[in-house]
Amino acid sequence: MFPVGGVGVMLLLVAVSGLLCGLLAVVLRRRLGWVSAIAIAGFVWSLAVLGTITLLPAGGAPGIVAAESRQTTCSWDIGGPAPEGFWIVPGGQRLLNVVVFIPSGALLVVAVARWRAAWVLVPAGLALLAAYSVAIEATQLALARLDRACDVTDVIDNVTGAAFGVGLGIVLAVLLRPWRYKQPRRLA
């Protein structure tokens, strides 16, 4: 039986990971400036939140999932039937799948905007976010006890959200200009 799950456990893990990432931001602030530090810590936190809300059973520990009722392959019915919305975002599961990846895409851009290699790091990061989505779906397929469904439409929606986030991140990077904040030089 999968020992944990439910909204309460999800919220607890989100809060604990948020506190740890807040400490990460404090540590990074002195070296990178507050914009980059918060963006990096926020990006790490967004990945932790995504893992938490997608890899824990939503309705509590489901117990035993019979082999006959578990999926053997991912659903390739693109845009097919999706369950109704989650309690956080009304409007359907597909909208939620887009919305939850937007912060990761935006924070990725702001986190790497201070470096000249950002033009390489952003597309590579977007590809890694897509791979993260694929890994989540593969885990949902492999671990029937999560009581989650593997669906290619989820990957498409997640990558769409990450791409929207990258667009938003470009606007935020131009407004916040994280490259202005440099490490102070020490006189020896």
# chains A, B, ... in the order shown; residues from 1 in each chain; ligands from 1

$ closest_atom_pairs --of "segment 131-155 of chain A" --to "segment 93-109 of chain A" --cutoff "9 Å" --atoms "only C-alpha atoms" --output "tab-separated table"
residue	atom	partner	partner_atom	distance
A:Thr153	CA	A:Arg94	CA	8.0
A:Asp154	CA	A:Asn97	CA	6.3
A:Val155	CA	A:Asn97	CA	8.3

$ residues_around --residues "Tyr132 of chain A" --least-positions-apart "6" --cutoff "12 Å" --atoms "only C-alpha atoms" --output "PyMOL selection string"
chain A and resi 46-48+50-51+54-55+101+104+125-126+138-139+154-155+158-159+162

$ closest_residue --among "A:Leu121, A:Ala37, A:Gly42, A:Arg30" --to "Ser17 of chain A" --atoms "only C-alpha atoms"
A:Gly42

$ residues_around --residues "Val49 of chain A" --least-positions-apart "3" --cutoff "8 Å" --atoms "only C-alpha atoms" --output "PyMOL selection string"
chain A and resi 13-14+17+45-46+52-53

$ write_last_selection --atoms "C-alpha atoms" --output "CSV table (one decimal), in the first residue's frame"
chain,number,residue,atom,x,y,z
A,13,LEU,CA,5.3,18.9,1.6
A,14,VAL,CA,4.8,22.1,-0.4
A,17,SER,CA,10.0,22.5,0.5
A,45,TRP,CA,10.5,25.0,-5.3
A,46,SER,CA,8.3,24.9,-8.4
A,52,THR,CA,4.4,16.7,-5.0
A,53,ILE,CA,1.1,17.4,-6.7
